Every structure is written in structure tokens, then in C-alpha cells.
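Only one structure is covered here, and it is reproduced in the block below.
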Amino acid sequence: MNNIKNEENRKCIIQAIEKCINLGRNKFVIYTYGDLGKYTEKILREEYHLLPEYRIDNYKSDGKSILTLDEAAEQKNHEVVFLICSDNRKVFYEIRSAIYSKMREMFIVDIFEDRATNIFALEDALQKINTYVGELEYE
């Protein structure tokens with residue numbers, strides 16, 4: 001990640017964490033545990049002196065500190081905040097629908113929701129432009 005991207009990510013992560021802490025929530029679960037999940041954990045540890053209760057990643061699960069979503073659903077999760085730490089547009093909906101279906105009653109914070117939503121809005125607009133330009137070519 002370049003420095004600008006890191007600063008943007010840092011701002012989003014800190015804003016989400018501080019909102020939770022201001023609501024009296026300071027127990028976190030990181031979902032998913034890719035680059036942004038690891039970066040979120042680093043900020044939790046270095047800035048707030050907090051460690052996540054555990055991490056969720058179906059592909060990196062060790063059954064202890066990194067759980068699958070199914071394993072996480074079996075935990076006592078009533079006091080934790082699930083931080084969605086992915087802005088990967090290729091799996092944007094899959095990641096979110098999976099956690100919302102498993103953790104319906106839980107406190108879930110989507111750190112990068114606005115960014116991913118903006119990406120999809122832009123892609124949709126570009127697709128409409130391409131369709132319109134294609135229609136003009138055949139007239």
C-alpha cells in the first residue's frame with residue numbers, strides 16, 4: 001500500500017474504532033484477516049492498546065486466534081464489535097452477506113462501506129456510459 005492509501009485507510013479505521021469506543025464498545029473481532037485486517041489490528045494494538053478477541057478468516061483459520069465464520073458464530077459474541085476490514089470490490093457483497101447472515105443480532109461495523117459503495121457506483125455509471133456509447137455507434 002502506498003502512503004496516501006495507508007493514510008486513507010488509517011483515517012477510516014480510526015474513525016470506526018473511536019465511534020465504537022465512544023459507545024462503550026472496546027472488544028473487537030476482525031473480519032477478514034487480510035492486509036486491511038492486519039492493519040486494523042496494528043492500529044488497535046498501537047493506538048488503543050487493545051487486542052482483538054479473535055479474527056475471522058475462512059481461508060486462514062487455525063481454530064484458535066483465527067476462526068472460520070461458522071466457528072465464530074459459536075462463540076459468545078454479545079459484547080464484541082465485528083469490524084469488517086475489507087474493501088475488496090470483487091467479494092464486497094459476499095463478505096458482507098456472509099457475516100450478516102451468521103451474526104444477525106450482533107454489533108457489526110463496516111469500516112470501508114462508503115469506499116466500496118462509491119466504487120460500485122462509479123462502475124455502474126461507467127457501464128451505463130459504455131452502453132449508451134455503444135448504442136450511439138449503431139445509430
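Every chain in the C-alpha cells has a letter given in the order shown (A, B, ...), and although residue numbers restart at 1 in each chain, ligands are simply numbered from 1 in the order shown.
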List every residue of range 37-85 of chain A that DSSP, applied to the backbone, labels as helix (DSSP H, G or I), and write the result as number ranges by chain.
A: 37-48, 69-73
Pull N, CA and C atoms from the residues just selected and write them as a JSON list (two decimals), in the first residue's frame.
```json
[["chain", "number", "residue", "atom", "x", "y", "z"],
["A", 37, "GLY", "N", -7.23, -6.13, 7.49],
["A", 37, "GLY", "CA", -7.50, -6.70, 8.81],
["A", 37, "GLY", "C", -6.26, -6.63, 9.70],
["A", 38, "LYS", "N", -5.13, -6.96, 9.13],
["A", 38, "LYS", "CA", -3.86, -6.90, 9.88],
["A", 38, "LYS", "C", -3.51, -5.45, 10.22],
["A", 39, "TYR", "N", -3.79, -4.54, 9.30],
["A", 39, "TYR", "CA", -3.54, -3.13, 9.55],
["A", 39, "TYR", "C", -4.46, -2.60, 10.65],
["A", 40, "THR", "N", -5.70, -3.03, 10.64],
["A", 40, "THR", "CA", -6.65, -2.65, 11.69],
["A", 40, "THR", "C", -6.18, -3.17, 13.05],
["A", 41, "GLU", "N", -5.72, -4.41, 13.08],
["A", 41, "GLU", "CA", -5.20, -4.97, 14.33],
["A", 41, "GLU", "C", -4.00, -4.17, 14.83],
["A", 42, "LYS", "N", -3.12, -3.79, 13.92],
["A", 42, "LYS", "CA", -1.95, -2.99, 14.30],
["A", 42, "LYS", "C", -2.38, -1.67, 14.94],
["A", 43, "ILE", "N", -3.36, -1.02, 14.35],
["A", 43, "ILE", "CA", -3.85, 0.25, 14.91],
["A", 43, "ILE", "C", -4.51, 0.02, 16.26],
["A", 44, "LEU", "N", -5.31, -1.02, 16.40],
["A", 44, "LEU", "CA", -5.92, -1.34, 17.70],
["A", 44, "LEU", "C", -4.85, -1.51, 18.76],
["A", 45, "ARG", "N", -3.80, -2.25, 18.41],
["A", 45, "ARG", "CA", -2.73, -2.56, 19.37],
["A", 45, "ARG", "C", -1.89, -1.32, 19.70],
["A", 46, "GLU", "N", -1.45, -0.60, 18.67],
["A", 46, "GLU", "CA", -0.50, 0.50, 18.88],
["A", 46, "GLU", "C", -1.17, 1.79, 19.37],
["A", 47, "GLU", "N", -2.36, 2.08, 18.88],
["A", 47, "GLU", "CA", -3.02, 3.35, 19.23],
["A", 47, "GLU", "C", -3.92, 3.23, 20.45],
["A", 48, "TYR", "N", -4.53, 2.06, 20.63],
["A", 48, "TYR", "CA", -5.53, 1.91, 21.69],
["A", 48, "TYR", "C", -5.15, 0.86, 22.73],
["A", 69, "LEU", "N", -15.99, -18.33, 9.89],
["A", 69, "LEU", "CA", -17.22, -17.64, 10.25],
["A", 69, "LEU", "C", -18.16, -18.58, 11.02],
["A", 70, "ASP", "N", -18.20, -19.85, 10.64],
["A", 70, "ASP", "CA", -19.02, -20.82, 11.37],
["A", 70, "ASP", "C", -18.52, -21.00, 12.80],
["A", 71, "GLU", "N", -17.21, -21.09, 12.98],
["A", 71, "GLU", "CA", -16.63, -21.22, 14.33],
["A", 71, "GLU", "C", -16.93, -19.97, 15.15],
["A", 72, "ALA", "N", -16.84, -18.81, 14.52],
["A", 72, "ALA", "CA", -17.10, -17.55, 15.22],
["A", 72, "ALA", "C", -18.55, -17.46, 15.67],
["A", 73, "ALA", "N", -19.46, -17.99, 14.86],
["A", 73, "ALA", "CA", -20.88, -17.94, 15.22],
["A", 73, "ALA", "C", -21.18, -18.74, 16.48]]
```
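Around range 74-84 of chain A, within 8 Å and counting only C-alpha atoms, the residues found are Cys20, Arg25, Asn26, Lys27, Phe28, Val29, Ile30, Tyr31, Thr32, Glu53, Asp70, Glu71, Arg96, Met106, Phe107, Ile108, Val109, Asp110, Ile111 and Phe112 of chain A, once anything fewer than 3 positions away on its own chain is removed.
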